[in-house]
Each structure stands twice: as structure tokens, then as C-alpha cells.
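Here is the file work04.txt (compact mmCIF, C-alpha atoms and all ligand atoms).
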# COMPACT_ATOMS: atom_id res chain seq x y z
CA MET A 234 30.85 -4.53 -28.75
CA LEU A 235 27.14 -4.78 -29.18
CA VAL A 236 25.24 -2.95 -26.47
CA LYS A 237 22.37 -5.04 -25.24
CA ASN A 238 19.00 -3.33 -25.48
CA GLN A 239 17.38 -2.84 -22.10
CA ASP A 240 13.70 -3.58 -22.08
CA PHE A 241 12.45 -2.62 -18.65
CA PHE A 242 13.33 -0.18 -15.92
CA SER A 243 15.49 -1.72 -13.20
CA THR A 244 14.83 -1.24 -9.50
CA GLU A 245 17.26 1.69 -9.53
CA HIS A 246 15.45 3.26 -12.46
CA LEU A 247 12.17 2.98 -10.56
CA VAL A 248 13.66 4.96 -7.67
CA VAL A 249 14.68 7.66 -10.15
CA LEU A 250 11.21 7.47 -11.68
CA ASP A 251 9.65 8.15 -8.30
CA GLU A 252 11.75 11.28 -7.89
CA ALA A 253 10.96 12.39 -11.43
CA VAL A 254 7.21 12.03 -10.84
CA LYS A 255 7.43 14.15 -7.67
CA THR A 256 9.44 16.85 -9.38
CA SER A 257 7.20 16.94 -12.45
CA GLU A 258 4.04 17.17 -10.39
CA GLU A 259 5.52 19.99 -8.31
CA LEU A 260 6.61 21.94 -11.37
CA VAL A 261 3.30 21.57 -13.18
CA THR A 262 1.30 22.32 -10.02
CA GLU A 263 3.26 25.50 -9.46
CA TYR A 264 3.09 26.62 -13.08
CA PHE A 265 -0.68 26.31 -13.33
CA ASP A 266 -1.20 27.45 -9.75
CA LEU A 267 -3.05 24.26 -8.80
CA SER A 268 -3.67 22.71 -5.43
CA SER A 269 -3.33 19.07 -4.41
CA ARG A 270 -7.12 18.90 -4.71
CA ASN A 271 -6.80 19.31 -8.45
CA TRP A 272 -4.86 16.05 -8.64
CA LEU A 273 -7.40 14.31 -6.41
CA ARG A 274 -10.09 15.36 -8.80
CA HIS A 275 -8.05 14.25 -11.78
CA PRO A 276 -6.19 11.23 -10.49
CA TYR A 277 -3.49 9.64 -12.54
CA GLU A 278 -1.32 6.56 -12.34
CA ILE A 279 2.13 6.02 -13.73
CA CYS A 280 2.62 2.69 -15.45
CA THR A 281 5.70 1.13 -16.90
CA LEU A 282 5.60 -1.48 -19.65
CA ARG A 283 5.48 -4.25 -17.05
CA ASP A 284 2.09 -3.01 -15.82
CA ALA A 285 0.70 -1.97 -19.16
CA SER A 286 -1.69 -4.18 -21.02
CA GLU A 287 -1.15 -4.87 -24.69
CA LYS A 288 -3.83 -2.33 -25.54
CA GLU A 289 -2.09 0.32 -23.45
CA HIS A 290 1.29 -0.08 -25.12
CA PRO A 291 2.58 3.31 -26.26
CA GLY A 292 3.94 1.94 -29.54
CA ASP A 293 6.85 4.03 -30.72
CA ALA A 294 6.21 6.94 -28.38
CA LEU A 295 8.25 7.55 -25.22
CA ALA A 296 4.99 7.66 -23.31
CA HIS A 297 1.33 8.24 -23.81
CA LEU A 298 -1.76 9.04 -21.87
CA VAL A 299 -4.74 6.73 -21.52
CA ARG A 300 -7.98 8.06 -20.12
CA TYR A 301 -10.50 5.78 -18.47
CA ALA A 302 -14.02 6.80 -17.69
CA LYS A 303 -15.14 5.20 -14.45
CA ASN A 304 -18.37 3.26 -14.40
CA PHE A 305 -21.16 5.09 -12.73
CA GLU A 306 -21.52 2.31 -10.11
CA ASP A 307 -17.84 2.64 -9.20
CA LYS A 308 -18.25 6.25 -8.26
CA MET A 309 -18.52 6.53 -4.50
CA ARG A 310 -19.92 10.01 -4.34
CA GLY A 311 -21.08 12.64 -6.75
CA THR A 312 -17.83 14.55 -6.32
CA ASP A 313 -15.64 11.57 -7.19
CA SER A 314 -13.62 11.91 -10.31
CA PRO A 315 -15.34 10.32 -13.28
CA VAL A 316 -12.00 9.64 -14.97
CA LEU A 317 -8.68 8.03 -14.28
CA TYR A 318 -5.61 8.87 -16.31
CA LYS A 319 -2.78 6.45 -16.87
CA ILE A 320 0.59 7.67 -18.03
CA ILE A 321 2.16 4.70 -19.74
CA LEU A 322 5.91 4.98 -19.99
CA ASN A 323 7.78 3.15 -22.69
CA ASP A 324 10.75 1.83 -20.68
CA GLN A 325 12.44 0.44 -23.73
CA LYS A 326 12.22 3.62 -25.80
CA ILE A 327 13.40 5.79 -22.92
CA LEU A 328 16.29 3.53 -21.92
CA ASN A 329 17.49 3.18 -25.48
CA HIS A 330 16.89 6.78 -26.51
CA PHE A 331 19.75 8.41 -28.32
CA LEU A 332 20.08 11.08 -25.58
CA VAL A 333 20.27 8.51 -22.79
CA ARG A 334 22.81 6.49 -24.74
CA ASP A 335 24.70 9.72 -25.16
CA GLY A 336 24.92 10.14 -21.39
CA ILE A 337 21.90 12.31 -20.59
CA SER A 338 20.38 11.19 -17.28
CA ILE A 339 17.22 9.11 -17.19
CA TYR A 340 16.01 11.57 -14.56
CA SER A 341 15.94 14.60 -16.86
CA MET A 342 14.35 12.53 -19.64
CA LEU A 343 11.66 11.29 -17.27
CA VAL A 344 10.91 14.77 -15.91
CA TYR A 345 10.52 15.97 -19.49
CA VAL A 346 8.25 13.10 -20.54
CA ILE A 347 6.09 13.07 -17.39
CA SER A 348 5.67 16.85 -17.28
CA HIS A 349 4.39 16.74 -20.86
CA GLU A 350 1.75 14.14 -19.96
CA LEU A 351 0.73 16.03 -16.82
CA VAL A 352 0.17 19.16 -18.90
CA HIS A 353 -2.23 17.11 -21.05
CA ILE A 354 -4.11 16.06 -17.91
CA VAL A 355 -4.34 19.62 -16.61
CA ARG A 356 -5.71 20.82 -19.94
CA PHE A 357 -8.27 18.02 -20.16
CA GLY A 358 -9.16 18.35 -16.50
CA SER A 359 -9.73 22.06 -16.58
CA PHE A 360 -11.86 21.77 -19.70
CA ARG A 361 -9.43 23.90 -21.65
CA VAL A 362 -9.68 21.13 -24.19
CA HIS A 363 -11.81 18.07 -24.57
CA PRO A 364 -9.97 14.80 -25.09
CA GLU A 365 -12.29 13.60 -27.83
CA THR A 366 -12.72 16.75 -29.81
CA ALA A 367 -9.36 18.43 -29.37
CA GLU A 368 -7.44 18.70 -32.56
CA ARG A 369 -4.59 16.39 -31.88
CA GLU A 370 -1.74 18.11 -33.60
CA LEU A 371 -2.69 21.54 -32.42
CA GLU A 372 -3.07 20.28 -28.86
CA GLU A 373 0.30 18.52 -29.05
CA SER A 374 2.00 21.72 -30.09
CA HIS A 375 0.33 23.67 -27.23
CA VAL A 376 1.42 21.04 -24.73
CA HIS A 377 4.88 20.99 -26.23
CA ASP A 378 5.25 24.77 -25.84
CA LEU A 379 3.88 24.77 -22.30
CA THR A 380 6.21 21.97 -21.26
CA ASN A 381 9.12 23.91 -22.68
CA ASP A 382 8.07 26.96 -20.75
CA ILE A 383 7.69 25.00 -17.50
CA LEU A 384 11.09 23.36 -17.79
CA SER A 385 13.12 26.13 -19.37
CA ASN A 386 14.42 27.55 -16.10
CA VAL A 387 14.51 24.58 -13.78
CA PRO A 388 17.83 23.77 -12.16
CA ILE A 389 17.96 20.25 -13.52
CA LYS A 390 21.26 19.22 -14.98
CA GLU A 391 21.08 18.59 -18.73
CA MET A 392 17.48 19.78 -19.04
CA THR A 393 18.52 22.36 -21.63
CA VAL A 394 20.02 19.58 -23.76
CA VAL A 395 16.76 17.62 -23.54
CA LEU A 396 14.67 20.71 -24.36
CA ASP A 397 16.89 21.63 -27.28
CA TYR A 398 16.66 18.15 -28.66
CA PHE A 399 12.87 17.99 -28.53
CA LYS A 400 12.45 21.55 -29.74
CA GLN A 401 12.93 20.32 -33.28
CA ARG A 402 11.06 17.08 -32.69
CA PRO A 403 7.75 17.70 -30.98
ZN ZN A 501 1.50 14.76 -25.98
Structure re-expressed in C-alpha cells:
Amino acid sequence: MLVKNQDFFSTEHLVVLDEAVKTSEELVTEYFDLSSRNWLRHPYEICTLRDASEKEHPGDALAHLVRYAKNFEDKMRGTDSPVLYKIILNDQKILNHFLVRDGISIYSMLVYVISHELVHIVRFGSFRVHPETAERELEESHVHDLTNDILSNVPIKEMTVVLDYFKQRP
């Protein structure tokens, strides 16, 4: 029987997504010893394909990060964040990923994917790297290693399977 490809997250998936975002933010916050103020200063939004514009589409990736510089007039105060990050999730790629088809939970996949993007934001936000000048591949491998480190001991079912899978495929 042909399995129908699922294109978008269902309402149930979105509930799982909400949980995954909370968990990922907690894990990354704890790892880098951040406070909630750090996220206020570097605000981000999670978008699924339904909310993403054509230009924001992550292509073949499971997700990607888009960074918007706010217009000067839109800034309320001097301390307002000058940027907004959007994590665009590729519903279709995640839902039809080999691991998910193999029975790995969407939750563990989402925690993996979102944590990775949050690590990017932390590194951009703390000026450890600059989004425009950072060497892409090198930065990807740093983020990959950090994400592995963050998730290697979390009590999330199947996370080790996810980590092992992506270890060879950054
Ligand atoms: Zn990345």
C-alpha cells in the first residue's frame, strides 16, 4: 500500500510542537546559563510551512533560521531587539523523514531540530559569531557538536537514536 505523504502538521502535531519548543528552550537556556531576558533580547518565532512565505521556505532542510533586522522606526526603545529570528520548520520533511517513518517520535525529532536552531540564535545573539561573516560550514559543525552535547544526556525516549543518526549526517 502506498503511504500518502503528509504535507503539514496536524492539530495534534502542533500540540507536540509546543511541548518540543518549551523543552528545547529550557535545555538550551540551561546549557548556556541564560536567563529569560536573553530570549527577550533575541526574540524568535516558530513557523510551520503554513505560515512561511515562499521566500522563507527551507527547501530540502528540516528547518532553517531566518533573521530579520527591524526597521529603525519599528524599534520602540533603544534597548529593543534590532532583530527577529524565525525558525521555519519543514513540516513535510519532518513528517516524512526516514526516522519518523521508522517509528521515532515527532517529539524527539522536533526537540533535536529546534534545539539546533536555538543554538544558532544564541551564538549570533551573544556575538560569538556574526551571521553574515561566519563561515557557514564551520559554524554548522560547531552548532552540530553543541546540540549533540546538549541532548546527549536528556531523558527523552529515542533521542540517542536521533543523535546517532545525525552524527554521520550533520
Ligand atoms: Zn544549522
As a PyMOL selection string, please: every protein or nucleic acid residue near ligand ZN 501 (chain A) (cut-off 9 Å, counting all atoms listed in the file). chain A and resi 296-298+346+349-350+352-353+369-370+372-374+376-377+403
Cut-off 12 Å around (13.3, 13.6, -31.2) with all atoms listed in the file: residues as a count of residues only: 20
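A straight line drawn from atom CA of A:Lys390 to atom CA of A:Phe265 is 23.1 Å long.
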Counting only C-alpha atoms, which residues have an atom no more than 12 Å from (14.2, 2.8, -14.2) in the file's coordinates? Please list them as a PyMOL selection string. chain A and resi 239-253+280-283+322-329+333+338-340+342-343
Box for stretch 377-382 of chain A - axis-aligned, 5 Å on each of the six sides, all listed atoms - centre and size in Å to one decimal, as JSON.
{"center_x": 6.5, "center_y": 24.0, "center_z": -23.5, "size_x": 15.2, "size_y": 16.0, "size_z": 15.5}
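Proximity to A:Phe357 was assessed for A:Ala285, A:Leu273, A:Ile279, A:Val316 counting only C-alpha atoms; the smallest distance is recorded for A:Val316.
Every protein or nucleic acid residue with an atom no more than 8 Å from A:Glu278, counting all atoms listed in the file and leaving out same-chain residues fewer than 6 positions away, appears here: Leu317, Tyr318, Lys319 and Ile320 of chain A.
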So that I can see what lies close to A:His275, please list as a PyMOL selection string the residues with an atom at most 9 Å from it, counting only C-alpha atoms and leaving out residues fewer than 4 positions away in the same chain. chain A and resi 270-271+314-318+354-355+358
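Taking atom CA of A:Ser348 as the reference point, atom CA of A:Arg300 is found at 16.5 Å.
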Find the distance between atom CA of A:Ser341 and atom CA of A:Ile389 and write it in Å to one decimal.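 Interatomic distance here is 6.9 Å.
With distances restricted to only C-alpha atoms, A:Leu351 is the closest residue to A:Thr262 from A:Leu379, A:Glu391, A:Leu384, A:Leu351.
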Of the candidates A:Ser268, A:Thr380, A:Asn386, A:Ser286, which shows the shortest atom-to-atom distance to A:Val344, using all atoms listed in the file?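 Once distances to A:Val344 are computed over all atoms listed in the file, the minimum belongs to A:Thr380.
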